[in-house]
Amino acid sequence: MDLIVTSPPYWRRRNYGHPKQLGQEPTPEAYVEALVEVLDGWRHVLRPHASVFVNLGDTYRDGFLMGVPARFEVAVRQAGWNVANHIVWTKSVGRPEPRPYRLASRHEAIFHLTLARRATHYFFDLFALSADLGRSANPGDVWDLHPARSRSDHIAPFPPELARRAILVACPERVCTSCGRPFTRRLAPTAELDPSRPQAVRAMELFRQHGLTDAHLAAIRAVGISDAGKGKALQNGAGRNAEHVKELAAEAKKALGGYFREFTFAPKRHVGWEGCDCGAPTTPGTVLDPFMGSGTTLRVAQELGRHARGVDLVVPDQLKTVH
């Protein structure tokens with residue numbers, strides 16, 4: 001598997017009436033221990049570059065939070081997993097809170113876990129996620145997701161957008177059928193900025209007017225703002241670019257003036273793929289949801305052109321053709 005996206009039953013929130021269900025343990029400690037044991041059972045199906053996204057909510061007992069997500073994060077680290085991201089799912093709308101002594105709960109945790117030893121060893125396609133959201137910048141780890149209406153009988157569906165974001169960023173579009181290596185995007189800088197911003201429009205006009213090239217653009221990105229002003233004193237990389245890069249950046253700065261900064265973090269474009277030397281065909285990555293419930297993750301994965309697999313203690317008849 002290239003990716004697991006799932007939302008296990010929360011502790012003591014709902015009783016599904018199955019003798020082997022997760023979530024009815026006597027204490028939050030016992031629940032977290034059981035959940036980590038479940039995760040360890042997934043290790044043997046994960047490829048080296050794989051990730052696991054776990055959506056987990058907290059539980060109130062006697063009017064107080066039990067801290068289940070915090071307990072889980074500590075426990076998975078101790079079990080040998082690395083936490084690549086702790087994402088906050090914010091909810092601008094939610095159930096009314098009838099109790100006058102606490103605030104209404106409007107967030108849940110999404111943990112991005114990996115067994116990779118280094119941060120550069122797991123697959124992560126930030127470009128795909130940012131492009132899908134219509135942004136050029138890193139979208140960050142706070143996700144405002146609106147719960148979608150579900151026609152299924154499942155009582156705890158999670159929003160398709162949660163699965164979509166996890167799949168776009170962590171499940172490769174192409175995987176070698178021989179060695180299992182994921183293909184990564186080859187990106188190149190572009191001078192096409194956000195046309196809705198007047199500063200960006202003027203920057204693009206000056207760029208074309210002065211005949212600046214892709215080499216100038218690369219030099220601008222290499223030098224950025226680190227070789228100017230306070231950047232020289234505060235940033236370790238300041239002044240370390242090659243002389244020809246500095247010269248090109250200086251030419252660009254003379255032509256662009258104050259609009260130079262518009263290109264320092266300009267968006268990139270997809271220009272190809274980088275993979276292995278096997279020469280074998282590729283196949284889409286595979287997404288697994290071990291608590292598939294109403295099948296949200298599976299449906300989204302198929303919509304995005306990935307393979308999808310799902311399991312659960314009880315599989316509804318309408319999902320037997322999906323998993």
# chains A, B, ... in the order shown; residues from 1 in each chain; ligands from 1
>>> select_by_dssp(residues="stretch 45-185 of chain A", states="helix (DSSP H, G or I)", output="number ranges by chain")
A: 45, 68-78, 126-132, 160-170
>>> write_last_selection(atoms="N, CA and C atoms", output="PDB file, in the first residue's frame")
ATOM      1  N   VAL A  45       2.116  -4.128   5.212  1.00  0.00           N
ATOM      2  CA  VAL A  45       1.518  -3.853   3.902  1.00  0.00           C
ATOM      3  C   VAL A  45       1.963  -2.506   3.338  1.00  0.00           C
ATOM      4  N   VAL A  68      -7.396  12.175  24.231  1.00  0.00           N
ATOM      5  CA  VAL A  68      -7.096  10.978  23.436  1.00  0.00           C
ATOM      6  C   VAL A  68      -6.123  11.276  22.286  1.00  0.00           C
ATOM      7  N   PRO A  69      -6.333  12.332  21.480  1.00  0.00           N
ATOM      8  CA  PRO A  69      -5.368  12.600  20.408  1.00  0.00           C
ATOM      9  C   PRO A  69      -3.947  12.826  20.920  1.00  0.00           C
ATOM     10  N   ALA A  70      -3.812  13.537  22.042  1.00  0.00           N
ATOM     11  CA  ALA A  70      -2.480  13.786  22.601  1.00  0.00           C
ATOM     12  C   ALA A  70      -1.843  12.489  23.081  1.00  0.00           C
ATOM     13  N   ARG A  71      -2.612  11.646  23.730  1.00  0.00           N
ATOM     14  CA  ARG A  71      -2.109  10.347  24.175  1.00  0.00           C
ATOM     15  C   ARG A  71      -1.670   9.506  22.971  1.00  0.00           C
ATOM     16  N   PHE A  72      -2.480   9.557  21.916  1.00  0.00           N
ATOM     17  CA  PHE A  72      -2.172   8.770  20.715  1.00  0.00           C
ATOM     18  C   PHE A  72      -0.875   9.242  20.077  1.00  0.00           C
ATOM     19  N   GLU A  73      -0.681  10.552  19.977  1.00  0.00           N
ATOM     20  CA  GLU A  73       0.523  11.071  19.344  1.00  0.00           C
ATOM     21  C   GLU A  73       1.777  10.631  20.094  1.00  0.00           C
ATOM     22  N   VAL A  74       1.728  10.668  21.390  1.00  0.00           N
ATOM     23  CA  VAL A  74       2.879  10.216  22.182  1.00  0.00           C
ATOM     24  C   VAL A  74       3.099   8.716  21.991  1.00  0.00           C
ATOM     25  N   ALA A  75       2.019   7.948  22.001  1.00  0.00           N
ATOM     26  CA  ALA A  75       2.124   6.491  21.916  1.00  0.00           C
ATOM     27  C   ALA A  75       2.671   6.027  20.571  1.00  0.00           C
ATOM     28  N   VAL A  76       2.237   6.663  19.466  1.00  0.00           N
ATOM     29  CA  VAL A  76       2.728   6.210  18.158  1.00  0.00           C
ATOM     30  C   VAL A  76       4.208   6.537  17.984  1.00  0.00           C
ATOM     31  N   ARG A  77       4.649   7.655  18.568  1.00  0.00           N
ATOM     32  CA  ARG A  77       6.076   7.965  18.531  1.00  0.00           C
ATOM     33  C   ARG A  77       6.870   6.888  19.271  1.00  0.00           C
ATOM     34  N   GLN A  78       6.379   6.504  20.438  1.00  0.00           N
ATOM     35  CA  GLN A  78       7.062   5.483  21.220  1.00  0.00           C
ATOM     36  C   GLN A  78       7.051   4.130  20.519  1.00  0.00           C
ATOM     37  N   LEU A 126       3.347  18.056  -2.595  1.00  0.00           N
ATOM     38  CA  LEU A 126       2.785  19.347  -2.186  1.00  0.00           C
ATOM     39  C   LEU A 126       2.218  20.104  -3.377  1.00  0.00           C
ATOM     40  N   PHE A 127       2.840  19.939  -4.542  1.00  0.00           N
ATOM     41  CA  PHE A 127       2.373  20.641  -5.747  1.00  0.00           C
ATOM     42  C   PHE A 127       0.934  20.230  -6.079  1.00  0.00           C
ATOM     43  N   ALA A 128       0.635  18.935  -6.016  1.00  0.00           N
ATOM     44  CA  ALA A 128      -0.700  18.454  -6.373  1.00  0.00           C
ATOM     45  C   ALA A 128      -1.763  19.024  -5.442  1.00  0.00           C
ATOM     46  N   LEU A 129      -1.463  19.068  -4.148  1.00  0.00           N
ATOM     47  CA  LEU A 129      -2.429  19.601  -3.191  1.00  0.00           C
ATOM     48  C   LEU A 129      -2.616  21.093  -3.383  1.00  0.00           C
ATOM     49  N   SER A 130      -1.522  21.833  -3.503  1.00  0.00           N
ATOM     50  CA  SER A 130      -1.624  23.287  -3.662  1.00  0.00           C
ATOM     51  C   SER A 130      -2.374  23.645  -4.937  1.00  0.00           C
ATOM     52  N   ALA A 131      -2.061  22.945  -6.034  1.00  0.00           N
ATOM     53  CA  ALA A 131      -2.729  23.223  -7.301  1.00  0.00           C
ATOM     54  C   ALA A 131      -4.224  22.926  -7.215  1.00  0.00           C
ATOM     55  N   ASP A 132      -4.581  21.859  -6.516  1.00  0.00           N
ATOM     56  CA  ASP A 132      -5.998  21.511  -6.384  1.00  0.00           C
ATOM     57  C   ASP A 132      -6.749  22.561  -5.587  1.00  0.00           C
ATOM     58  N   PRO A 160     -15.454  14.031   2.348  1.00  0.00           N
ATOM     59  CA  PRO A 160     -14.635  13.570   1.224  1.00  0.00           C
ATOM     60  C   PRO A 160     -13.413  14.451   0.999  1.00  0.00           C
ATOM     61  N   GLU A 161     -13.517  15.745   1.320  1.00  0.00           N
ATOM     62  CA  GLU A 161     -12.392  16.652   1.102  1.00  0.00           C
ATOM     63  C   GLU A 161     -11.194  16.260   1.966  1.00  0.00           C
ATOM     64  N   LEU A 162     -11.426  15.687   3.134  1.00  0.00           N
ATOM     65  CA  LEU A 162     -10.331  15.223   3.971  1.00  0.00           C
ATOM     66  C   LEU A 162      -9.559  14.125   3.253  1.00  0.00           C
ATOM     67  N   ALA A 163     -10.299  13.146   2.725  1.00  0.00           N
ATOM     68  CA  ALA A 163      -9.651  12.062   1.993  1.00  0.00           C
ATOM     69  C   ALA A 163      -8.967  12.586   0.736  1.00  0.00           C
ATOM     70  N   ARG A 164      -9.610  13.521   0.050  1.00  0.00           N
ATOM     71  CA  ARG A 164      -9.049  14.061  -1.189  1.00  0.00           C
ATOM     72  C   ARG A 164      -7.683  14.710  -0.938  1.00  0.00           C
ATOM     73  N   ARG A 165      -7.594  15.525   0.086  1.00  0.00           N
ATOM     74  CA  ARG A 165      -6.337  16.211   0.359  1.00  0.00           C
ATOM     75  C   ARG A 165      -5.236  15.223   0.731  1.00  0.00           C
ATOM     76  N   ALA A 166      -5.580  14.250   1.558  1.00  0.00           N
ATOM     77  CA  ALA A 166      -4.581  13.260   1.964  1.00  0.00           C
ATOM     78  C   ALA A 166      -4.086  12.457   0.766  1.00  0.00           C
ATOM     79  N   ILE A 167      -4.985  12.077  -0.120  1.00  0.00           N
ATOM     80  CA  ILE A 167      -4.608  11.275  -1.288  1.00  0.00           C
ATOM     81  C   ILE A 167      -3.776  12.090  -2.262  1.00  0.00           C
ATOM     82  N   LEU A 168      -4.169  13.325  -2.511  1.00  0.00           N
ATOM     83  CA  LEU A 168      -3.409  14.161  -3.440  1.00  0.00           C
ATOM     84  C   LEU A 168      -1.981  14.372  -2.967  1.00  0.00           C
ATOM     85  N   VAL A 169      -1.812  14.580  -1.677  1.00  0.00           N
ATOM     86  CA  VAL A 169      -0.488  14.933  -1.175  1.00  0.00           C
ATOM     87  C   VAL A 169       0.381  13.708  -0.872  1.00  0.00           C
ATOM     88  N   ALA A 170      -0.230  12.537  -0.646  1.00  0.00           N
ATOM     89  CA  ALA A 170       0.573  11.412  -0.159  1.00  0.00           C
ATOM     90  C   ALA A 170       0.449  10.123  -0.942  1.00  0.00           C
TER      91      ALA A 170
END
>>> residues_around(residues="A:Gly305", least_positions_apart="6", cutoff="12 Å", atoms="only C-alpha atoms", output="PDB file with C-alpha atoms, in the first residue's frame")
ATOM      1  CA  ARG A 164      -9.049  14.061  -1.189  1.00  0.00           C
ATOM      2  CA  ILE A 167      -4.608  11.275  -1.288  1.00  0.00           C
ATOM      3  CA  LEU A 168      -3.409  14.161  -3.440  1.00  0.00           C
ATOM      4  CA  CYS A 171      -0.503   8.848  -2.771  1.00  0.00           C
ATOM      5  CA  PRO A 172       1.607   8.810  -5.969  1.00  0.00           C
ATOM      6  CA  GLU A 173      -0.042   9.014  -9.364  1.00  0.00           C
ATOM      7  CA  ARG A 174       2.562   6.624 -10.759  1.00  0.00           C
ATOM      8  CA  THR A 283       0.436   1.897 -12.100  1.00  0.00           C
ATOM      9  CA  PRO A 284      -1.510   4.307  -9.877  1.00  0.00           C
ATOM     10  CA  GLY A 285      -0.813   4.213  -6.162  1.00  0.00           C
ATOM     11  CA  THR A 286      -3.054   2.227  -3.840  1.00  0.00           C
ATOM     12  CA  VAL A 287      -5.070   3.657  -0.949  1.00  0.00           C
ATOM     13  CA  LEU A 298     -12.459   4.474  -1.481  1.00  0.00           C
ATOM     14  CA  ARG A 299     -14.775   6.544  -3.637  1.00  0.00           C
TER      15      ARG A 299
END
>>> residues_around(residues="A:Met292", least_positions_apart="5", cutoff="7 Å", atoms="only C-alpha atoms", output="PDB file with N, CA and C atoms, in the first residue's frame")
ATOM      1  N   GLY A 310     -10.524  -1.471   0.888  1.00  0.00           N
ATOM      2  CA  GLY A 310     -11.109  -1.143   2.175  1.00  0.00           C
ATOM      3  C   GLY A 310     -11.572  -2.377   2.910  1.00  0.00           C
ATOM      4  N   VAL A 311     -11.513  -2.338   4.225  1.00  0.00           N
ATOM      5  CA  VAL A 311     -12.006  -3.431   5.047  1.00  0.00           C
ATOM      6  C   VAL A 311     -12.748  -2.832   6.238  1.00  0.00           C
ATOM      7  N   ASP A 312     -13.597  -3.634   6.843  1.00  0.00           N
ATOM      8  CA  ASP A 312     -14.311  -3.216   8.045  1.00  0.00           C
ATOM      9  C   ASP A 312     -14.910  -4.457   8.673  1.00  0.00           C
TER      10      ASP A 312
END
>>> atom_distance(atom1="atom CA of A:Lys268", atom2="atom CA of A:Thr190")
5.3 Å
>>> closest_residue(among="A:Pro159, A:Pro26, A:Gly224, A:Pro195", to="A:Val245", atoms="only C-alpha atoms")
A:Gly224
>>> residues_around(residues="A:Arg106", least_positions_apart="2", cutoff="12 Å", atoms="only C-alpha atoms", output="count of residues only")
22
>>> residues_around(residues="A:Leu288", least_positions_apart="3", cutoff="7 Å", atoms="only C-alpha atoms", output="PyMOL selection string")
chain A and resi 1+3-5+308-310
>>> write_last_selection(atoms="N, CA and C atoms", output="tab-separated table (two decimals), in the first residue's frame")
chain	number	residue	atom	x	y	z
A	1	MET	N	0.83	-1.19	0.00
A	1	MET	CA	0.00	0.00	0.00
A	1	MET	C	0.88	1.25	0.00
A	3	LEU	N	-0.65	4.34	0.71
A	3	LEU	CA	-1.26	5.28	1.63
A	3	LEU	C	-2.42	4.63	2.36
A	4	ILE	N	-2.53	4.93	3.64
A	4	ILE	CA	-3.71	4.57	4.43
A	4	ILE	C	-4.36	5.87	4.90
A	5	VAL	N	-5.64	6.01	4.63
A	5	VAL	CA	-6.43	7.15	5.11
A	5	VAL	C	-7.63	6.57	5.85
A	308	ALA	N	-8.06	1.46	-4.90
A	308	ALA	CA	-8.65	1.62	-3.58
A	308	ALA	C	-8.98	0.26	-2.98
A	309	ARG	N	-8.68	0.11	-1.71
A	309	ARG	CA	-9.01	-1.10	-0.97
A	309	ARG	C	-9.59	-0.69	0.37
A	310	GLY	N	-10.52	-1.47	0.89
A	310	GLY	CA	-11.11	-1.14	2.17
A	310	GLY	C	-11.57	-2.38	2.91
>>> closest_residue(among="A:Ala34, A:Val223, A:Ala50, A:Leu193", to="A:Lys20", atoms="only C-alpha atoms")
A:Ala34
>>> residues_around(residues="A:Phe207", least_positions_apart="4", cutoff="12 Å", atoms="only C-alpha atoms", output="mmCIF file with N, CA and C atoms, in the first residue's frame")
data_model
loop_
_atom_site.group_PDB
_atom_site.id
_atom_site.type_symbol
_atom_site.label_atom_id
_atom_site.label_comp_id
_atom_site.auth_asym_id
_atom_site.auth_seq_id
_atom_site.Cartn_x
_atom_site.Cartn_y
_atom_site.Cartn_z
ATOM 1 N N THR A 190 7.988 29.329 -12.946
ATOM 2 C CA THR A 190 7.217 30.013 -13.981
ATOM 3 C C THR A 190 7.092 31.487 -13.632
ATOM 4 N N ALA A 191 7.035 32.310 -14.666
ATOM 5 C CA ALA A 191 6.880 33.751 -14.464
ATOM 6 C C ALA A 191 5.410 34.158 -14.440
ATOM 7 N N GLU A 192 4.513 33.177 -14.500
ATOM 8 C CA GLU A 192 3.080 33.457 -14.482
ATOM 9 C C GLU A 192 2.614 33.569 -13.037
ATOM 10 N N LEU A 193 2.318 34.783 -12.617
ATOM 11 C CA LEU A 193 1.893 35.038 -11.248
ATOM 12 C C LEU A 193 0.377 35.146 -11.163
ATOM 13 N N ALA A 200 1.259 41.700 -8.925
ATOM 14 C CA ALA A 200 1.742 40.580 -9.726
ATOM 15 C C ALA A 200 1.626 40.899 -11.214
ATOM 16 N N VAL A 201 0.523 41.532 -11.599
ATOM 17 C CA VAL A 201 0.341 41.911 -13.011
ATOM 18 C C VAL A 201 1.433 42.865 -13.458
ATOM 19 N N ARG A 202 1.730 43.867 -12.633
ATOM 20 C CA ARG A 202 2.776 44.828 -12.979
ATOM 21 C C ARG A 202 4.138 44.144 -13.037
ATOM 22 N N ALA A 203 4.388 43.207 -12.119
ATOM 23 C CA ALA A 203 5.657 42.471 -12.119
ATOM 24 C C ALA A 203 5.825 41.688 -13.417
ATOM 25 N N GLY A 211 12.717 41.831 -21.168
ATOM 26 C CA GLY A 211 13.267 40.637 -21.799
ATOM 27 C C GLY A 211 13.970 39.693 -20.845
ATOM 28 N N LEU A 212 13.501 39.609 -19.627
ATOM 29 C CA LEU A 212 14.105 38.687 -18.674
ATOM 30 C C LEU A 212 13.810 37.241 -19.072
ATOM 31 N N THR A 213 14.698 36.351 -18.706
ATOM 32 C CA THR A 213 14.628 34.955 -19.163
ATOM 33 C C THR A 213 14.372 33.993 -18.000
ATOM 34 N N ASP A 214 14.256 32.699 -18.356
ATOM 35 C CA ASP A 214 14.105 31.675 -17.324
ATOM 36 C C ASP A 214 15.328 31.635 -16.413
ATOM 37 N N HIS A 216 17.079 34.237 -15.514
ATOM 38 C CA HIS A 216 16.879 35.313 -14.548
ATOM 39 C C HIS A 216 15.900 34.871 -13.454
ATOM 40 N N LEU A 217 14.844 34.201 -13.875
ATOM 41 C CA LEU A 217 13.842 33.747 -12.916
ATOM 42 C C LEU A 217 14.456 32.777 -11.910
ATOM 43 N N ILE A 220 16.553 34.740 -9.485
ATOM 44 C CA ILE A 220 15.722 35.449 -8.509
ATOM 45 C C ILE A 220 15.320 34.498 -7.386
ATOM 46 N N GLU A 251 20.691 41.927 -12.396
ATOM 47 C CA GLU A 251 20.056 42.449 -13.614
ATOM 48 C C GLU A 251 18.537 42.463 -13.456
ATOM 49 N N ALA A 252 18.004 41.382 -12.899
ATOM 50 C CA ALA A 252 16.558 41.296 -12.713
ATOM 51 C C ALA A 252 16.062 42.332 -11.719
ATOM 52 N N LYS A 253 16.835 42.543 -10.672
ATOM 53 C CA LYS A 253 16.413 43.504 -9.659
ATOM 54 C C LYS A 253 16.431 44.926 -10.212
ATOM 55 N N LYS A 254 17.397 45.217 -11.061
ATOM 56 C CA LYS A 254 17.459 46.536 -11.688
ATOM 57 C C LYS A 254 16.246 46.759 -12.575
ATOM 58 N N ALA A 255 15.834 45.704 -13.288
ATOM 59 C CA ALA A 255 14.687 45.815 -14.199
ATOM 60 C C ALA A 255 13.356 45.855 -13.448
ATOM 61 N N LEU A 256 13.266 45.092 -12.361
ATOM 62 C CA LEU A 256 11.987 44.942 -11.667
ATOM 63 C C LEU A 256 11.798 45.914 -10.510
ATOM 64 N N GLY A 257 12.896 46.410 -9.975
ATOM 65 C CA GLY A 257 12.785 47.303 -8.824
ATOM 66 C C GLY A 257 12.114 46.615 -7.656
ATOM 67 N N TYR A 259 9.362 45.233 -7.512
ATOM 68 C CA TYR A 259 8.561 44.070 -7.893
ATOM 69 C C TYR A 259 9.393 42.792 -7.943
ATOM 70 N N PHE A 260 10.679 42.911 -7.666
ATOM 71 C CA PHE A 260 11.569 41.756 -7.619
ATOM 72 C C PHE A 260 11.029 40.685 -6.672
ATOM 73 N N GLU A 262 8.105 39.842 -5.998
ATOM 74 C CA GLU A 262 6.963 39.075 -6.501
ATOM 75 C C GLU A 262 7.395 37.718 -7.062
ATOM 76 N N PHE A 263 8.640 37.633 -7.525
ATOM 77 C CA PHE A 263 9.102 36.407 -8.164
ATOM 78 C C PHE A 263 9.932 35.521 -7.241
#
>>> closest_residue(among="A:Ala249, A:Gly293, A:Ala79, A:Met204", to="A:Gly41", atoms="only C-alpha atoms")
A:Ala79
>>> closest_residue(among="A:Cys276, A:Asp141, A:Gly63, A:Phe158", to="A:Tyr101", atoms="only C-alpha atoms")
A:Gly63
>>> atom_distance(atom1="atom CA of A:Leu46", atom2="atom CA of A:Ala119")
16.3 Å
